[in-house]
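Engineer: Handing you this structure, nothing more for now.
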Amino acid sequence: MVLPAVPARGRPRTGRVRGGGPGSVPGTVGGEGRARPGPWAPSSSSSSSCPGPPVARRLDLSDCSLRSLPPGLAEAAAAIVLDLTENPLTTLPNGSFLGFTHLERLAVPLALDCPGGSSAWEEVKTHGSSRLCQGQRNPCNSSRELDWPCPDNAACAPDGPGLIQCLCDRPFHGYKCLREGTFPTLLFCGILGAATLSLSLLLWRTQRWKAKTP
C-alpha cells in the first residue's frame with residue numbers, strides 16, 4: 001500500500017504553519033527542497049487548497065532538534081500526516097495530540113510509543129529509526145471499556161489518538177450534563193451585570209469617602 005507522503009526537505013529550516021500566529025510550529029511544509037529518505041515518500045502536495053483558513057495538512061518537523069513538542073503544535077490540529085522523526089524527543093505527554101482527530105499518519109522516534117498506545121491505531125510498525133502510527137481508531141467504537149465513560153445524557157466523540165470528549169445531548173448541559181433545558185443566558189447576564197454595577201457603585205462611594213476625609 002502506498003502511503004501519503006511527507007514533503008521532502010533539504011536542510012532544517014524554521015517557518016510557520018500557514019494561517020498561524022505567534023508560537024506557530026517550525027518547519028512549515030510546502031517549500032522546495034531535495035528529496036531525502038524518510039518514513040514516507042516525498043510529495044508535491046503539502047497543504048490544504050480547500051476554501052477557508054489555510055492549514056498545513058502534512059507537517060514535517062523531522063530533524064528540527066526538538067527536545068519537546070513546540071507549544072504552537074495545537075495550531076496544526078487539522079494535520080493528516082505528521083513527521084516527528086530524527087528529533088531528541090524523550091516523551092510525548094498525555095494530551096499532546098488533543099483535538100488531532102484527522103491525524104492518520106504519525107512518525108515518531110523509535111524510542112517513543114505511539115500516542116494513545118498501540119490500541120489507538122490500526123497499524124503500528126517500525127521503519128529504520130522511526131515508529132509509524134497509521135490509521136487512527138475511534139476510541140468510542142472500541143470494544144474495550146473507556147477509562148472515563150460518558151454520563152447517560154452525553155454522547156462519546158473522538159478527540160485525538162486514544163482521547164475522547166463527552167458531548168451533552170440536547171437539552172442537557174452543565175456539569176456531567178445533569179442540567180436540563182436551555183442555558184439561562186438572560187438570567188445569567190442580568191445577575192452578572194447587577195453584581196458588577198453594585199460593586200462599581202460601592203468602590204465609587206468608597207473612593208469619594210476617602211477623598212473627603214482630611
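To be explicit about the labels: the chains of the C-alpha cells are called A, B, and onward in the order shown, and within each one the residues are counted from 1, while ligands get numbers from 1 in the order they are shown.
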Name all residues at most 9 Å from A:Leu167 (count only C-alpha atoms; drop same-chain ones fewer than 5 positions away) and give them as a PDB file with N, CA and C atoms, in the first residue's frame.
Structural biologist:
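Output contents, as saved in result-v1.pdb:
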ATOM      1  N   CYS A 150     -18.751   8.237  29.443  1.00  0.00           N
ATOM      2  CA  CYS A 150     -19.604   9.424  29.420  1.00  0.00           C
ATOM      3  C   CYS A 150     -20.869   9.168  30.243  1.00  0.00           C
ATOM      4  N   ASN A 153     -26.518  11.176  29.793  1.00  0.00           N
ATOM      5  CA  ASN A 153     -27.076  12.220  28.937  1.00  0.00           C
ATOM      6  C   ASN A 153     -26.045  12.817  27.985  1.00  0.00           C
ATOM      7  N   ALA A 154     -25.026  12.049  27.652  1.00  0.00           N
ATOM      8  CA  ALA A 154     -23.961  12.547  26.781  1.00  0.00           C
ATOM      9  C   ALA A 154     -23.562  11.480  25.778  1.00  0.00           C
ATOM     10  N   ALA A 155     -22.980  11.932  24.681  1.00  0.00           N
ATOM     11  CA  ALA A 155     -22.506  11.025  23.632  1.00  0.00           C
ATOM     12  C   ALA A 155     -20.994  11.114  23.536  1.00  0.00           C
ATOM     13  N   CYS A 156     -20.362   9.991  23.318  1.00  0.00           N
ATOM     14  CA  CYS A 156     -18.903   9.931  23.186  1.00  0.00           C
ATOM     15  C   CYS A 156     -18.496  10.399  21.793  1.00  0.00           C
ATOM     16  N   ALA A 157     -17.414  11.188  21.722  1.00  0.00           N
ATOM     17  CA  ALA A 157     -16.875  11.662  20.446  1.00  0.00           C
ATOM     18  C   ALA A 157     -15.356  11.611  20.524  1.00  0.00           C
ATOM     19  N   HIS A 173     -27.148  20.117  29.679  1.00  0.00           N
ATOM     20  CA  HIS A 173     -25.932  20.917  29.669  1.00  0.00           C
ATOM     21  C   HIS A 173     -25.373  20.941  31.087  1.00  0.00           C
ATOM     22  N   CYS A 177     -23.543  16.962  32.326  1.00  0.00           N
ATOM     23  CA  CYS A 177     -24.790  17.030  31.541  1.00  0.00           C
ATOM     24  C   CYS A 177     -26.016  16.739  32.408  1.00  0.00           C
TER      25      CYS A 177
END
Engineer: Can you tell me, as a list in words, what residues are no more than 7 Å from stretch 122-134 of chain A when counting only C-alpha atoms, ignoring any on the same chain fewer than 6 positions away?
Structural biologist: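 These residues fall inside the cut-off: Pro39, Thr85, Glu104, Arg105, Leu106, Ala107, Val108, Pro109, Leu110 and Cys114 of chain A.
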Engineer: Tell me, as a PyMOL selection string, which residues lie within 7 Å of stretch 61-68 of chain A, counting only C-alpha atoms; anything in the same chain fewer than 5 positions away does not count.
Structural biologist: chain A and resi 12+27+83-90
Engineer: Take the residues from that selection and put them in a file with C-alpha atoms, as a short mmCIF file (atom, residue, chain, number, x, y, z; two decimals), in the first residue's frame.
Structural biologist:
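Okay, selection_15.cif is ready:
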data_model
loop_
_atom_site.label_atom_id
_atom_site.label_comp_id
_atom_site.auth_asym_id
_atom_site.auth_seq_id
_atom_site.Cartn_x
_atom_site.Cartn_y
_atom_site.Cartn_z
CA PRO A 12 16.40 22.18 8.67
CA GLY A 27 9.11 23.61 9.69
CA ASP A 83 6.62 13.59 10.92
CA LEU A 84 8.50 14.00 14.24
CA THR A 85 11.40 11.67 13.47
CA GLU A 86 15.11 12.47 13.93
CA ASN A 87 14.43 14.62 17.00
CA PRO A 88 15.82 14.04 20.52
CA LEU A 89 12.32 13.72 21.98
CA THR A 90 12.16 11.77 25.22
#
Engineer: Select from stretch 52-163 of chain A everything DSSP, run on the backbone, classes as strand (DSSP E), then give the selection as an NGL selection string.
Structural biologist: :A and (58-60 or 81-83 or 105-109 or 121-127 or 130-136 or 154-158)
Engineer: Identify, on the basis of only C-alpha atoms, every residue whose closest approach to A:Pro161 does not exceed 9 Å; exclude the query and any residue fewer than 3 positions from it along the same chain; express the result as an MDAnalysis selection string.
Structural biologist: chainID A and resid 95 97:101 103 114:117 120:121 136:139 158 164
Engineer: One decimal, Å: what's the distance from atom CA of A:Leu202 over to atom CA of A:Leu187, could you say?
Structural biologist: 22.6 Å
Engineer: To one decimal place in Å, what is the distance between atom CA of A:Ile191 and atom CA of A:Cys168?
Structural biologist: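 For atom CA of A:Ile191 relative to atom CA of A:Cys168, the distance reads 25.0 Å.
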Engineer: Among stretch 28-212 of chain A, which residues does DSSP mark as alpha helix (DSSP H) when it is run on the backbone? Keep the chain and numbering as in the structure and answer as number ranges by chain.
Structural biologist: A: 185-212
Engineer: Can you measure atom CA of A:Phe172 to atom CA of A:Gly160 for me? One decimal in Å is fine.
Structural biologist: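 Interatomic distance, atom CA of A:Phe172 to atom CA of A:Gly160: 24.3 Å.
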